[in-house]
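Q: Below are the structure tokens for one structure; questions will follow.
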Amino acid sequence: MGKQEGAEKRMKTPVHPRIDGLIQAIARLPGLGPRSARRIVLDLLAHRESRMRPLAELMRQVADEIRECPRCGNLDLAEPCTICRDERRQGHALCVVEQVSDLWALERAGLHRGRYHVLGGVLNALEGIGPKDLRIAPLVARIDAEGVEEVILALSATVDGQTTAHYLAERLHEKGVRVTAIAHGVPVGGSLDYLDEGTLAAALKDRRPV
Ligand SMILES: [Zn+2]
């Protein structure tokens, strides 16, 4: 390799591989791309003590300490989670959501007094996601174990969300439990996480039997 060629190669890759590795790792996070990842990494490097090290320490702690609740799928330090252990929660009303972010949205709004069940996704034949890939069997098991009387399906207004709601309604009717679904005056294709609290409250209040 000639001297000039080597110099050119260095100029093309001015970022040290270790920094570049960090940029690429951050760029893979949801909602981010290479440009925002570069900005984040430069910002962190410019504030190593005040931002970067505390962030690294927090990430390590969260990675080590946070557990998925074996009962409902919520994320918490306690196992079962704080919601599942809360005796004041009504055990007879169980709210089924797709993701933990949906559970958080409902909790932020303080709308649901019962417990939750996180499915971990929705059915999707194209992507090969079937009932066994979701936390459906544990949901059915909870109906008897916890004396559940009503299952509220709070799934998104997408085709997959509604397919999943219908599938669950059929499975749960066999258990003799009342099944309702939240109203969808909510934006079609919308996930719960994006709804304001008023819309979410209306959706939950106007739930209908399915
Ligand atoms: Zn739980």
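In the structure tokens, chains take letters A, B, ... by order of appearance, with residues numbered from 1 within each chain and ligands from 1 in the order shown.
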Please extract the residues at most 12 Å from ligand 1, counting only C-alpha atoms and all ligand atoms, and provide them as a compact mmCIF listing (two decimals) with all heavy atoms, in the first residue's frame, using the chain letters and residue numbers of this document.
A:
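The result, stored in pocket-v5.txt:
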```txt
# COMPACT_ATOMS: atom_id res chain seq x y z
N ARG A 67 -36.30 -7.35 36.46
CA ARG A 67 -36.78 -8.68 36.06
C ARG A 67 -38.10 -8.55 35.32
O ARG A 67 -38.86 -7.62 35.56
CB ARG A 67 -37.02 -9.54 37.30
CG ARG A 67 -35.86 -9.66 38.24
CD ARG A 67 -35.02 -10.89 37.93
NE ARG A 67 -33.86 -10.97 38.79
CZ ARG A 67 -32.69 -10.37 38.53
NH1 ARG A 67 -32.55 -9.64 37.45
NH2 ARG A 67 -31.66 -10.50 39.35
N GLU A 68 -38.38 -9.55 34.49
CA GLU A 68 -39.72 -9.63 33.89
C GLU A 68 -40.60 -10.41 34.85
O GLU A 68 -40.25 -11.52 35.25
CB GLU A 68 -39.62 -10.34 32.54
CG GLU A 68 -40.93 -10.32 31.77
CD GLU A 68 -40.84 -11.10 30.47
OE1 GLU A 68 -40.18 -10.60 29.53
OE2 GLU A 68 -41.39 -12.20 30.40
N CYS A 69 -41.73 -9.79 35.22
CA CYS A 69 -42.63 -10.44 36.18
C CYS A 69 -43.13 -11.77 35.59
O CYS A 69 -43.69 -11.80 34.50
CB CYS A 69 -43.82 -9.54 36.49
SG CYS A 69 -45.04 -10.32 37.56
N PRO A 70 -42.92 -12.90 36.30
CA PRO A 70 -43.32 -14.19 35.75
C PRO A 70 -44.84 -14.31 35.60
O PRO A 70 -45.33 -15.12 34.83
CB PRO A 70 -42.79 -15.19 36.78
CG PRO A 70 -42.55 -14.42 38.02
CD PRO A 70 -42.31 -12.99 37.63
N ARG A 71 -45.59 -13.48 36.34
CA ARG A 71 -47.04 -13.56 36.28
C ARG A 71 -47.61 -12.70 35.15
O ARG A 71 -48.34 -13.18 34.30
CB ARG A 71 -47.63 -13.13 37.63
CG ARG A 71 -49.07 -13.55 37.81
CD ARG A 71 -49.60 -13.15 39.18
NE ARG A 71 -48.87 -13.79 40.29
CZ ARG A 71 -49.06 -13.47 41.57
NH1 ARG A 71 -49.94 -12.56 41.89
NH2 ARG A 71 -48.37 -14.08 42.51
N CYS A 72 -47.24 -11.40 35.12
CA CYS A 72 -47.90 -10.49 34.18
C CYS A 72 -46.99 -9.99 33.05
O CYS A 72 -47.48 -9.46 32.06
CB CYS A 72 -48.50 -9.30 34.92
SG CYS A 72 -47.29 -8.07 35.44
N GLY A 73 -45.67 -10.13 33.19
CA GLY A 73 -44.77 -9.68 32.13
C GLY A 73 -44.29 -8.26 32.30
O GLY A 73 -43.51 -7.75 31.48
N ASN A 74 -44.72 -7.58 33.37
CA ASN A 74 -44.25 -6.23 33.66
C ASN A 74 -42.76 -6.27 34.04
O ASN A 74 -42.24 -7.32 34.38
CB ASN A 74 -45.08 -5.68 34.84
CG ASN A 74 -44.81 -4.21 35.11
OD1 ASN A 74 -44.29 -3.49 34.25
ND2 ASN A 74 -45.16 -3.77 36.30
N LEU A 75 -42.11 -5.13 33.94
CA LEU A 75 -40.70 -5.05 34.31
C LEU A 75 -40.58 -4.36 35.66
O LEU A 75 -41.11 -3.27 35.85
CB LEU A 75 -39.91 -4.27 33.25
CG LEU A 75 -39.89 -4.92 31.86
CD1 LEU A 75 -39.29 -3.98 30.84
CD2 LEU A 75 -39.12 -6.24 31.89
N ASP A 76 -39.88 -4.99 36.57
CA ASP A 76 -39.79 -4.45 37.94
C ASP A 76 -38.60 -5.08 38.66
O ASP A 76 -38.04 -6.07 38.21
CB ASP A 76 -41.09 -4.78 38.69
CG ASP A 76 -41.32 -3.89 39.91
OD1 ASP A 76 -40.42 -3.12 40.26
OD2 ASP A 76 -42.40 -3.98 40.50
N LEU A 77 -38.23 -4.47 39.78
CA LEU A 77 -37.20 -5.05 40.64
C LEU A 77 -37.76 -6.27 41.37
O LEU A 77 -37.07 -7.25 41.58
CB LEU A 77 -36.77 -4.03 41.69
CG LEU A 77 -35.59 -3.11 41.38
CD1 LEU A 77 -35.36 -2.17 42.53
CD2 LEU A 77 -34.34 -3.93 41.11
N ALA A 78 -39.04 -6.14 41.79
CA ALA A 78 -39.66 -7.20 42.57
C ALA A 78 -40.21 -8.29 41.66
O ALA A 78 -40.61 -8.03 40.53
CB ALA A 78 -40.79 -6.62 43.42
N GLU A 79 -40.24 -9.50 42.19
CA GLU A 79 -40.72 -10.65 41.42
C GLU A 79 -41.60 -11.54 42.30
O GLU A 79 -41.06 -12.13 43.24
CB GLU A 79 -39.49 -11.46 40.95
CG GLU A 79 -39.71 -12.26 39.72
CD GLU A 79 -38.41 -12.95 39.26
OE1 GLU A 79 -37.32 -12.43 39.52
OE2 GLU A 79 -38.53 -14.02 38.70
N PRO A 80 -42.93 -11.59 42.12
CA PRO A 80 -43.76 -10.86 41.15
C PRO A 80 -43.68 -9.34 41.34
O PRO A 80 -43.25 -8.89 42.40
CB PRO A 80 -45.17 -11.35 41.43
CG PRO A 80 -45.04 -12.57 42.27
CD PRO A 80 -43.73 -12.46 42.97
N CYS A 81 -44.15 -8.62 40.32
CA CYS A 81 -43.97 -7.17 40.30
C CYS A 81 -44.84 -6.47 41.34
O CYS A 81 -45.73 -7.07 41.94
CB CYS A 81 -44.27 -6.64 38.91
SG CYS A 81 -46.02 -6.61 38.51
N THR A 82 -44.59 -5.18 41.53
CA THR A 82 -45.30 -4.39 42.53
C THR A 82 -46.81 -4.40 42.29
O THR A 82 -47.59 -4.46 43.24
CB THR A 82 -44.78 -2.93 42.49
OG1 THR A 82 -43.34 -2.97 42.50
CG2 THR A 82 -45.26 -2.13 43.68
N ILE A 83 -47.22 -4.35 41.03
CA ILE A 83 -48.65 -4.34 40.70
C ILE A 83 -49.29 -5.68 41.09
O ILE A 83 -50.35 -5.74 41.71
CB ILE A 83 -48.88 -4.03 39.21
CG1 ILE A 83 -48.45 -2.60 38.90
CG2 ILE A 83 -50.35 -4.25 38.81
CD1 ILE A 83 -48.54 -2.20 37.44
N CYS A 84 -48.64 -6.79 40.73
CA CYS A 84 -49.17 -8.11 41.06
C CYS A 84 -49.24 -8.34 42.56
O CYS A 84 -50.12 -9.06 43.04
CB CYS A 84 -48.32 -9.20 40.41
SG CYS A 84 -48.63 -9.40 38.64
N ARG A 85 -48.31 -7.73 43.32
CA ARG A 85 -48.29 -7.93 44.77
C ARG A 85 -49.25 -7.01 45.51
O ARG A 85 -49.51 -7.24 46.69
CB ARG A 85 -46.87 -7.67 45.30
CG ARG A 85 -45.88 -8.72 44.89
CD ARG A 85 -44.50 -8.13 44.77
NE ARG A 85 -43.87 -7.91 46.05
CZ ARG A 85 -42.87 -8.66 46.53
NH1 ARG A 85 -42.42 -9.67 45.82
NH2 ARG A 85 -42.33 -8.40 47.68
N ASP A 86 -49.74 -5.98 44.83
CA ASP A 86 -50.58 -4.98 45.47
C ASP A 86 -51.97 -5.57 45.77
O ASP A 86 -52.76 -5.82 44.86
CB ASP A 86 -50.71 -3.76 44.54
CG ASP A 86 -51.45 -2.60 45.21
OD1 ASP A 86 -52.05 -2.82 46.29
OD2 ASP A 86 -51.43 -1.49 44.66
N ARG A 89 -55.29 -4.04 44.46
CA ARG A 89 -55.69 -4.20 43.06
C ARG A 89 -56.81 -5.22 42.95
O ARG A 89 -56.73 -6.29 43.57
CB ARG A 89 -54.50 -4.69 42.24
CG ARG A 89 -53.40 -3.68 42.12
CD ARG A 89 -53.60 -2.90 40.86
NE ARG A 89 -52.64 -1.81 40.77
CZ ARG A 89 -52.56 -1.01 39.70
NH1 ARG A 89 -53.36 -1.20 38.68
NH2 ARG A 89 -51.70 -0.03 39.68
N GLY A 91 -58.53 -8.21 41.71
CA GLY A 91 -58.05 -9.38 40.99
C GLY A 91 -59.01 -9.86 39.91
O GLY A 91 -58.63 -10.63 39.04
N LEU A 94 -58.83 -8.16 34.62
CA LEU A 94 -57.47 -8.31 34.08
C LEU A 94 -57.39 -7.61 32.72
O LEU A 94 -58.17 -7.88 31.82
CB LEU A 94 -57.17 -9.81 33.93
CG LEU A 94 -55.74 -10.22 33.61
CD1 LEU A 94 -54.79 -9.83 34.74
CD2 LEU A 94 -55.68 -11.73 33.39
N CYS A 95 -56.44 -6.69 32.60
CA CYS A 95 -56.30 -5.91 31.36
C CYS A 95 -55.13 -6.47 30.53
O CYS A 95 -54.00 -6.53 31.00
CB CYS A 95 -56.05 -4.44 31.71
SG CYS A 95 -55.98 -3.37 30.28
N VAL A 100 -45.14 -3.76 27.40
CA VAL A 100 -44.99 -3.10 28.70
C VAL A 100 -45.27 -1.60 28.56
O VAL A 100 -45.84 -0.98 29.46
CB VAL A 100 -43.58 -3.36 29.28
CG1 VAL A 100 -43.35 -2.54 30.54
CG2 VAL A 100 -43.37 -4.83 29.58
N LEU A 103 -48.86 -0.95 29.17
CA LEU A 103 -49.16 -1.04 30.61
C LEU A 103 -48.77 0.29 31.28
O LEU A 103 -49.54 0.84 32.07
CB LEU A 103 -48.36 -2.21 31.21
CG LEU A 103 -48.58 -2.62 32.68
CD1 LEU A 103 -48.05 -4.03 32.90
CD2 LEU A 103 -47.91 -1.68 33.65
N GLY A 114 -57.40 -2.86 38.19
CA GLY A 114 -57.09 -4.28 38.31
C GLY A 114 -55.64 -4.56 37.97
O GLY A 114 -54.79 -3.68 38.04
N ARG A 115 -55.39 -5.80 37.60
CA ARG A 115 -54.02 -6.18 37.23
C ARG A 115 -53.90 -6.26 35.71
O ARG A 115 -54.87 -6.03 34.98
CB ARG A 115 -53.65 -7.51 37.89
CG ARG A 115 -53.68 -7.42 39.41
CD ARG A 115 -52.77 -8.45 40.08
NE ARG A 115 -52.69 -8.20 41.52
CZ ARG A 115 -53.49 -8.78 42.42
NH1 ARG A 115 -54.39 -9.67 42.05
NH2 ARG A 115 -53.36 -8.50 43.69
N TYR A 116 -52.70 -6.60 35.23
CA TYR A 116 -52.42 -6.61 33.79
C TYR A 116 -51.89 -7.96 33.34
O TYR A 116 -51.44 -8.77 34.14
CB TYR A 116 -51.37 -5.55 33.45
CG TYR A 116 -51.80 -4.14 33.68
CD1 TYR A 116 -51.57 -3.53 34.91
CD2 TYR A 116 -52.43 -3.41 32.68
CE1 TYR A 116 -51.96 -2.22 35.14
CE2 TYR A 116 -52.81 -2.10 32.89
CZ TYR A 116 -52.58 -1.51 34.13
OH TYR A 116 -52.98 -0.22 34.34
N HIS A 117 -51.88 -8.11 32.00
CA HIS A 117 -51.17 -9.23 31.41
C HIS A 117 -50.54 -8.75 30.10
O HIS A 117 -51.25 -8.32 29.19
CB HIS A 117 -52.11 -10.42 31.15
CG HIS A 117 -51.38 -11.67 30.79
ND1 HIS A 117 -50.88 -12.53 31.73
CD2 HIS A 117 -51.02 -12.16 29.57
CE1 HIS A 117 -50.25 -13.53 31.11
NE2 HIS A 117 -50.33 -13.33 29.81
N VAL A 118 -49.21 -8.81 30.03
CA VAL A 118 -48.49 -8.35 28.84
C VAL A 118 -48.29 -9.55 27.90
O VAL A 118 -47.67 -10.54 28.28
CB VAL A 118 -47.11 -7.76 29.22
CG1 VAL A 118 -46.37 -7.29 27.97
CG2 VAL A 118 -47.27 -6.61 30.21
N LEU A 139 -51.80 -16.58 30.22
CA LEU A 139 -53.01 -15.75 30.41
C LEU A 139 -54.20 -16.64 30.75
O LEU A 139 -54.93 -16.39 31.72
CB LEU A 139 -53.29 -14.93 29.15
CG LEU A 139 -54.67 -14.26 29.06
CD1 LEU A 139 -54.83 -13.19 30.14
CD2 LEU A 139 -54.88 -13.64 27.68
N ARG A 142 -54.14 -17.95 34.19
CA ARG A 142 -54.43 -16.98 35.26
C ARG A 142 -55.93 -16.84 35.54
O ARG A 142 -56.30 -16.44 36.64
CB ARG A 142 -53.88 -15.59 34.88
CG ARG A 142 -52.37 -15.50 34.97
CD ARG A 142 -51.90 -14.09 34.66
NE ARG A 142 -52.17 -13.15 35.75
CZ ARG A 142 -51.90 -11.85 35.68
NH1 ARG A 142 -51.40 -11.33 34.58
NH2 ARG A 142 -52.15 -11.06 36.70
```
Q: Would you please give, as a ChimeraX atom specification, all residues of region 62-202 of chain A that DSSP assigns to helix (DSSP H, G or I) based on the backbone?
A: /A:62-65,82-85,100-109,131-133,136-145,159-173,192-194,197-202
Q: When you draw a straight line from CA of Gly110 (chain A) to CA of Glu149 (chain A), how long is it in Å?
A: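 Interatomic distance, CA of Gly110 (chain A) to CA of Glu149 (chain A): 20.7 Å.
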Q: Restricting the calculation to only C-alpha atoms, which member of A:Val96, A:Met59, A:Val159, A:Val15 is positioned closest to Pro138 (chain A)?
A: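 Result for the nearest residue to Pro138 (chain A): A:Val96.
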Q: If we count only C-alpha atoms and set the cut-off at 12 Å, which residues sit around Glu98 (chain A), ignoring sequence neighbours fewer than 5 positions away in its own chain? Please answer as a count of residues only.
A: 31
Q: I'd like a table as a tab-separated table: residues in region 73-115 of chain A with an atom no more than 9 Å from region 194-200 of chain A, each row giving the shortest atom pair and its distance in Å to one decimal, only C-alpha atoms counted, sorted by chain and rising residue number.
A:
```
residue	atom	partner	partner_atom	distance
A:Asp102	CA	A:Tyr194	CA	9.0
A:Ala105	CA	A:Glu197	CA	8.1
A:Leu106	CA	A:Leu200	CA	7.5
A:Arg108	CA	A:Glu197	CA	8.1
A:Ala109	CA	A:Glu197	CA	5.4
A:Gly110	CA	A:Glu197	CA	8.9
A:Leu111	CA	A:Leu200	CA	8.3
```
Q: I'd like the contact shell of region 41-48 of chain A - 10 Å cut-off, only C-alpha atoms, skipping same-chain residues fewer than 3 positions apart - returned as a ChimeraX atom specification.
A: /A:19-20,22-23,26,36-38,51-55
Q: Keeping only all heavy atoms, write the selected residues to a file as an mmCIF file, in the first residue's frame.
A:
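Heads up, here's the output in part_7.cif:
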```
data_model
loop_
_atom_site.group_PDB
_atom_site.id
_atom_site.type_symbol
_atom_site.label_atom_id
_atom_site.label_comp_id
_atom_site.auth_asym_id
_atom_site.auth_seq_id
_atom_site.Cartn_x
_atom_site.Cartn_y
_atom_site.Cartn_z
ATOM 1 N N ILE A 19 -15.132 3.946 18.951
ATOM 2 C CA ILE A 19 -16.195 4.971 18.947
ATOM 3 C C ILE A 19 -17.239 4.585 17.907
ATOM 4 O O ILE A 19 -18.447 4.688 18.149
ATOM 5 C CB ILE A 19 -15.621 6.368 18.624
ATOM 6 C CG1 ILE A 19 -14.552 6.739 19.640
ATOM 7 C CG2 ILE A 19 -16.732 7.419 18.608
ATOM 8 C CD1 ILE A 19 -13.845 8.045 19.330
ATOM 9 N N ASP A 20 -16.748 4.134 16.761
ATOM 10 C CA ASP A 20 -17.661 3.749 15.679
ATOM 11 C C ASP A 20 -18.574 2.604 16.119
ATOM 12 O O ASP A 20 -19.762 2.587 15.802
ATOM 13 C CB ASP A 20 -16.844 3.347 14.437
ATOM 14 C CG ASP A 20 -17.733 3.301 13.195
ATOM 15 O OD1 ASP A 20 -18.525 4.253 13.009
ATOM 16 O OD2 ASP A 20 -17.657 2.313 12.452
ATOM 17 N N LEU A 22 -19.622 2.041 19.121
ATOM 18 C CA LEU A 22 -20.635 2.614 20.014
ATOM 19 C C LEU A 22 -21.713 3.325 19.203
ATOM 20 O O LEU A 22 -22.910 3.181 19.480
ATOM 21 C CB LEU A 22 -19.965 3.582 21.000
ATOM 22 C CG LEU A 22 -20.879 4.251 22.027
ATOM 23 C CD1 LEU A 22 -21.616 3.229 22.882
ATOM 24 C CD2 LEU A 22 -20.075 5.191 22.926
ATOM 25 N N ILE A 23 -21.272 4.083 18.178
ATOM 26 C CA ILE A 23 -22.236 4.785 17.312
ATOM 27 C C ILE A 23 -23.167 3.775 16.652
ATOM 28 O O ILE A 23 -24.393 3.949 16.647
ATOM 29 C CB ILE A 23 -21.505 5.628 16.239
ATOM 30 C CG1 ILE A 23 -20.764 6.788 16.910
ATOM 31 C CG2 ILE A 23 -22.485 6.156 15.193
ATOM 32 C CD1 ILE A 23 -19.868 7.580 15.976
ATOM 33 N N ILE A 26 -25.720 2.341 19.115
ATOM 34 C CA ILE A 26 -26.785 3.296 19.450
ATOM 35 C C ILE A 26 -27.710 3.514 18.254
ATOM 36 O O ILE A 26 -28.923 3.664 18.419
ATOM 37 C CB ILE A 26 -26.169 4.620 19.963
ATOM 38 C CG1 ILE A 26 -25.533 4.370 21.333
ATOM 39 C CG2 ILE A 26 -27.225 5.734 20.042
ATOM 40 C CD1 ILE A 26 -24.833 5.552 21.927
ATOM 41 N N SER A 36 -28.273 10.699 14.464
ATOM 42 C CA SER A 36 -28.532 11.001 15.881
ATOM 43 C C SER A 36 -27.566 10.231 16.770
ATOM 44 O O SER A 36 -27.161 10.727 17.826
ATOM 45 C CB SER A 36 -29.981 10.712 16.258
ATOM 46 O OG SER A 36 -30.478 9.611 15.562
ATOM 47 N N ALA A 37 -27.160 9.026 16.344
ATOM 48 C CA ALA A 37 -26.208 8.242 17.134
ATOM 49 C C ALA A 37 -24.867 8.977 17.236
ATOM 50 O O ALA A 37 -24.250 9.023 18.303
ATOM 51 C CB ALA A 37 -26.015 6.861 16.520
ATOM 52 N N ARG A 38 -24.416 9.578 16.130
ATOM 53 C CA ARG A 38 -23.155 10.341 16.163
ATOM 54 C C ARG A 38 -23.267 11.521 17.116
ATOM 55 O O ARG A 38 -22.357 11.791 17.888
ATOM 56 C CB ARG A 38 -22.796 10.839 14.754
ATOM 57 C CG ARG A 38 -22.156 9.775 13.879
ATOM 58 C CD ARG A 38 -21.533 10.392 12.643
ATOM 59 N NE ARG A 38 -22.535 10.949 11.737
ATOM 60 C CZ ARG A 38 -23.141 10.239 10.780
ATOM 61 N NH1 ARG A 38 -22.838 8.965 10.608
ATOM 62 N NH2 ARG A 38 -24.033 10.800 9.999
ATOM 63 N N ARG A 51 -22.484 12.837 32.315
ATOM 64 C CA ARG A 51 -23.527 12.079 31.603
ATOM 65 C C ARG A 51 -23.133 10.636 31.269
ATOM 66 O O ARG A 51 -23.887 9.710 31.508
ATOM 67 C CB ARG A 51 -23.896 12.790 30.285
ATOM 68 C CG ARG A 51 -24.609 14.095 30.506
ATOM 69 C CD ARG A 51 -25.078 14.715 29.215
ATOM 70 N NE ARG A 51 -25.459 16.102 29.441
ATOM 71 C CZ ARG A 51 -25.625 17.002 28.485
ATOM 72 N NH1 ARG A 51 -25.444 16.674 27.227
ATOM 73 N NH2 ARG A 51 -25.977 18.230 28.787
ATOM 74 N N MET A 52 -21.939 10.489 30.675
ATOM 75 C CA MET A 52 -21.596 9.177 30.118
ATOM 76 C C MET A 52 -21.415 8.111 31.201
ATOM 77 O O MET A 52 -22.013 7.037 31.123
ATOM 78 C CB MET A 52 -20.346 9.281 29.268
ATOM 79 C CG MET A 52 -20.140 8.106 28.359
ATOM 80 S SD MET A 52 -18.740 8.393 27.268
ATOM 81 C CE MET A 52 -19.157 7.344 25.894
ATOM 82 N N ARG A 53 -20.590 8.416 32.223
ATOM 83 C CA ARG A 53 -20.358 7.407 33.263
ATOM 84 C C ARG A 53 -21.627 7.100 34.064
ATOM 85 O O ARG A 53 -21.921 5.921 34.311
ATOM 86 C CB ARG A 53 -19.221 7.850 34.190
ATOM 87 C CG ARG A 53 -17.867 7.705 33.553
ATOM 88 C CD ARG A 53 -16.753 7.868 34.591
ATOM 89 N NE ARG A 53 -15.530 8.340 33.969
ATOM 90 C CZ ARG A 53 -14.708 7.571 33.260
ATOM 91 N NH1 ARG A 53 -15.002 6.306 33.085
ATOM 92 N NH2 ARG A 53 -13.625 8.077 32.718
ATOM 93 N N PRO A 54 -22.409 8.141 34.485
ATOM 94 C CA PRO A 54 -23.668 7.819 35.180
ATOM 95 C C PRO A 54 -24.611 6.981 34.314
ATOM 96 O O PRO A 54 -25.270 6.066 34.817
ATOM 97 C CB PRO A 54 -24.286 9.203 35.461
ATOM 98 C CG PRO A 54 -23.137 10.146 35.440
ATOM 99 C CD PRO A 54 -22.146 9.593 34.455
ATOM 100 N N LEU A 55 -24.656 7.267 33.020
ATOM 101 C CA LEU A 55 -25.530 6.506 32.121
ATOM 102 C C LEU A 55 -25.071 5.051 32.030
ATOM 103 O O LEU A 55 -25.885 4.116 32.116
ATOM 104 C CB LEU A 55 -25.533 7.149 30.728
ATOM 105 C CG LEU A 55 -26.389 6.443 29.676
ATOM 106 C CD1 LEU A 55 -27.863 6.501 30.044
ATOM 107 C CD2 LEU A 55 -26.177 7.064 28.299
#
```
